[in-house]
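**Q** Take a look at the following structure, please.
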Amino acid sequence: ARHVTINDITALVLDACSISGALTVNTSGAITQSGIISVAGASLFNAGATNSITLDNSFNDFSSVSIPAANNVSLGDANSLVLAASTISGALTVNTSGAITQSGILTVTGAANFSAGSTNDITLNNPANNFSSVSVSSANNVTLNDTSDLVFATSSISGNLDVTTGGDITDSGTISVAGITTLSAAGHDITLDDNNDFNSLGITAAKNASINDI
């Protein structure tokens with residue numbers, strides 16, 4: 001099909017889909033899948049703030065995905081993925097085999113986990129993003145912007161890490177960065193006191209800073 005719009009008053013399971021245009025799915029229940037989903041255009045999934053979206057098949061092929069409202073969200077993609085404007089009241093998990101970028105503001109109340117593979121970049125640099133905590137399981141270069149405080153959970157980055165926030169930067173797990181780490185939290189504190197492993201680290205703006213490296 002070309003453009004597809006689906007409305008459902010309860011939960012919805014998406015079977016195998018191949019769509020040459022855009023896909024819009026609005027439900028009043030969970031959105032899950034039982035087959036591979038391929039969408040050449042923009043995808044929008046809206047399940048409501050209390051319902052989860054689980055589209056984590058690693059063979060999915062989305063172009064861009066927007067989540068206007070959902071609880072926990074899990075996305076899988078066989079190559080690169082663009083995250084459009086999204087508001088997620090629970091946790092966000094994104095696993096790809098290509099770059100992860102954004103075209104709109106991301107608001108995630110729960111934990112966000114991103115994995116792009118050790119040779120692919122993650123660039124989520126909109127200054128209006130609002131994450132609670134972020135972990136990067138696997139990526140090359142990573143750029144993150146957050147409008148407020150940001151907690152870094154366990155992360156492994158094979159390239160460079162660049163983080164800019166409008167609040168404190170702290171950690172809740174070990175951060176390993178093979179390349180250059182650059183941190184900016186103007187007027188706020190940076191406290192990275194886990195058993196971290198940085199190669200080189202620079203702080204362009206902060207109030208107080210405390211760094212631990214093994």
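Going through the structure tokens in order, the chains are called A, B, and so on, while each chain numbers its residues from 1 and the ligands are numbered from 1 in the order shown.
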With 12 Å as the cut-off and only C-alpha atoms counted, what is the closest atom pair between each nearby residue of segment 135-178 of chain A and segment 95-114 of chain A? Distances in Å to one decimal, ordered by chain and number, as a Markdown table.
**A**
| residue | atom | partner | partner_atom | distance |
| --- | --- | --- | --- | --- |
| A:Ser135 | CA | A:Asn113 | CA | 4.8 |
| A:Val136 | CA | A:Phe114 | CA | 4.9 |
| A:Ser137 | CA | A:Phe114 | CA | 6.2 |
| A:Ser138 | CA | A:Phe114 | CA | 7.4 |
| A:Ala139 | CA | A:Phe114 | CA | 8.3 |
| A:Asn140 | CA | A:Ala99 | CA | 9.2 |
| A:Asn141 | CA | A:Ala99 | CA | 9.7 |
| A:Val142 | CA | A:Ile100 | CA | 9.5 |
| A:Thr143 | CA | A:Thr101 | CA | 9.6 |
| A:Leu144 | CA | A:Thr101 | CA | 10.3 |
| A:Asn145 | CA | A:Leu106 | CA | 10.2 |
| A:Asp146 | CA | A:Leu106 | CA | 9.3 |
| A:Thr147 | CA | A:Thr107 | CA | 10.0 |
| A:Ser148 | CA | A:Thr107 | CA | 11.2 |
| A:Asp149 | CA | A:Thr109 | CA | 12.0 |
| A:Leu150 | CA | A:Ala111 | CA | 10.6 |
| A:Val151 | CA | A:Ala111 | CA | 9.2 |
| A:Phe152 | CA | A:Ala111 | CA | 9.7 |
| A:Ala153 | CA | A:Ala111 | CA | 8.7 |
| A:Thr154 | CA | A:Asn113 | CA | 9.5 |
| A:Ser155 | CA | A:Asn113 | CA | 9.2 |
| A:Ser156 | CA | A:Phe114 | CA | 10.6 |
| A:Ile157 | CA | A:Phe114 | CA | 11.0 |
| A:Ser172 | CA | A:Ala111 | CA | 11.3 |
**Q** Report as a PyMOL selection string all protein, DNA and RNA residues lying within 12 Å of Leu12 of chain A, evaluated on only C-alpha atoms, omitting residues in the same chain fewer than 5 positions from it.
**A** chain A and resi 6-7+25-34+45-47+51-55
**Q** Thr174 of chain A: which residues within 6 Å, counting only C-alpha atoms, same-chain residues fewer than 5 positions away excluded, as a list of chain:residue names?
**A**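 What passes the distance filter is A:Thr154, A:Asp194, A:Asn195, A:Asn196.
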**Q** Please produce a file of those selected residues containing N, CA, C and O atoms, as an mmCIF file, in the first residue's frame.
**A**
data_model
loop_
_atom_site.group_PDB
_atom_site.id
_atom_site.type_symbol
_atom_site.label_atom_id
_atom_site.label_comp_id
_atom_site.auth_asym_id
_atom_site.auth_seq_id
_atom_site.Cartn_x
_atom_site.Cartn_y
_atom_site.Cartn_z
ATOM 1 N N THR A 154 24.709 2.934 32.498
ATOM 2 C CA THR A 154 25.828 2.187 31.912
ATOM 3 C C THR A 154 25.876 2.362 30.399
ATOM 4 O O THR A 154 24.881 2.133 29.699
ATOM 5 N N ASP A 194 31.249 7.035 39.131
ATOM 6 C CA ASP A 194 31.266 5.576 39.037
ATOM 7 C C ASP A 194 32.651 5.128 38.558
ATOM 8 O O ASP A 194 33.558 5.946 38.401
ATOM 9 N N ASN A 195 32.823 3.833 38.336
ATOM 10 C CA ASN A 195 34.100 3.305 37.836
ATOM 11 C C ASN A 195 34.188 3.515 36.327
ATOM 12 O O ASN A 195 34.237 2.565 35.544
ATOM 13 N N ASN A 196 34.227 4.768 35.934
ATOM 14 C CA ASN A 196 34.190 5.128 34.526
ATOM 15 C C ASN A 196 35.545 4.947 33.861
ATOM 16 O O ASN A 196 36.585 4.878 34.532
#
**Q** Within segment 23-142 of chain A, find each residue whose DSSP state, derived from the backbone, is strand (DSSP E or B), and express the selection as number ranges by chain.
**A** A: 23-27, 31-33, 37-39, 42-46, 53-55, 61, 64-70, 73-77, 81-88, 92-96, 100-102, 106-115, 122-124, 130-139, 142
**Q** Have a look at A:Ser89, A:Ser38, A:Ser66, A:Ser80 and name the one nearest to Ser18 of chain A; count only C-alpha atoms.
**A**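 Ranking A:Ser89, A:Ser38, A:Ser66, A:Ser80 by distance to Ser18 of chain A, first place goes to A:Ser38.
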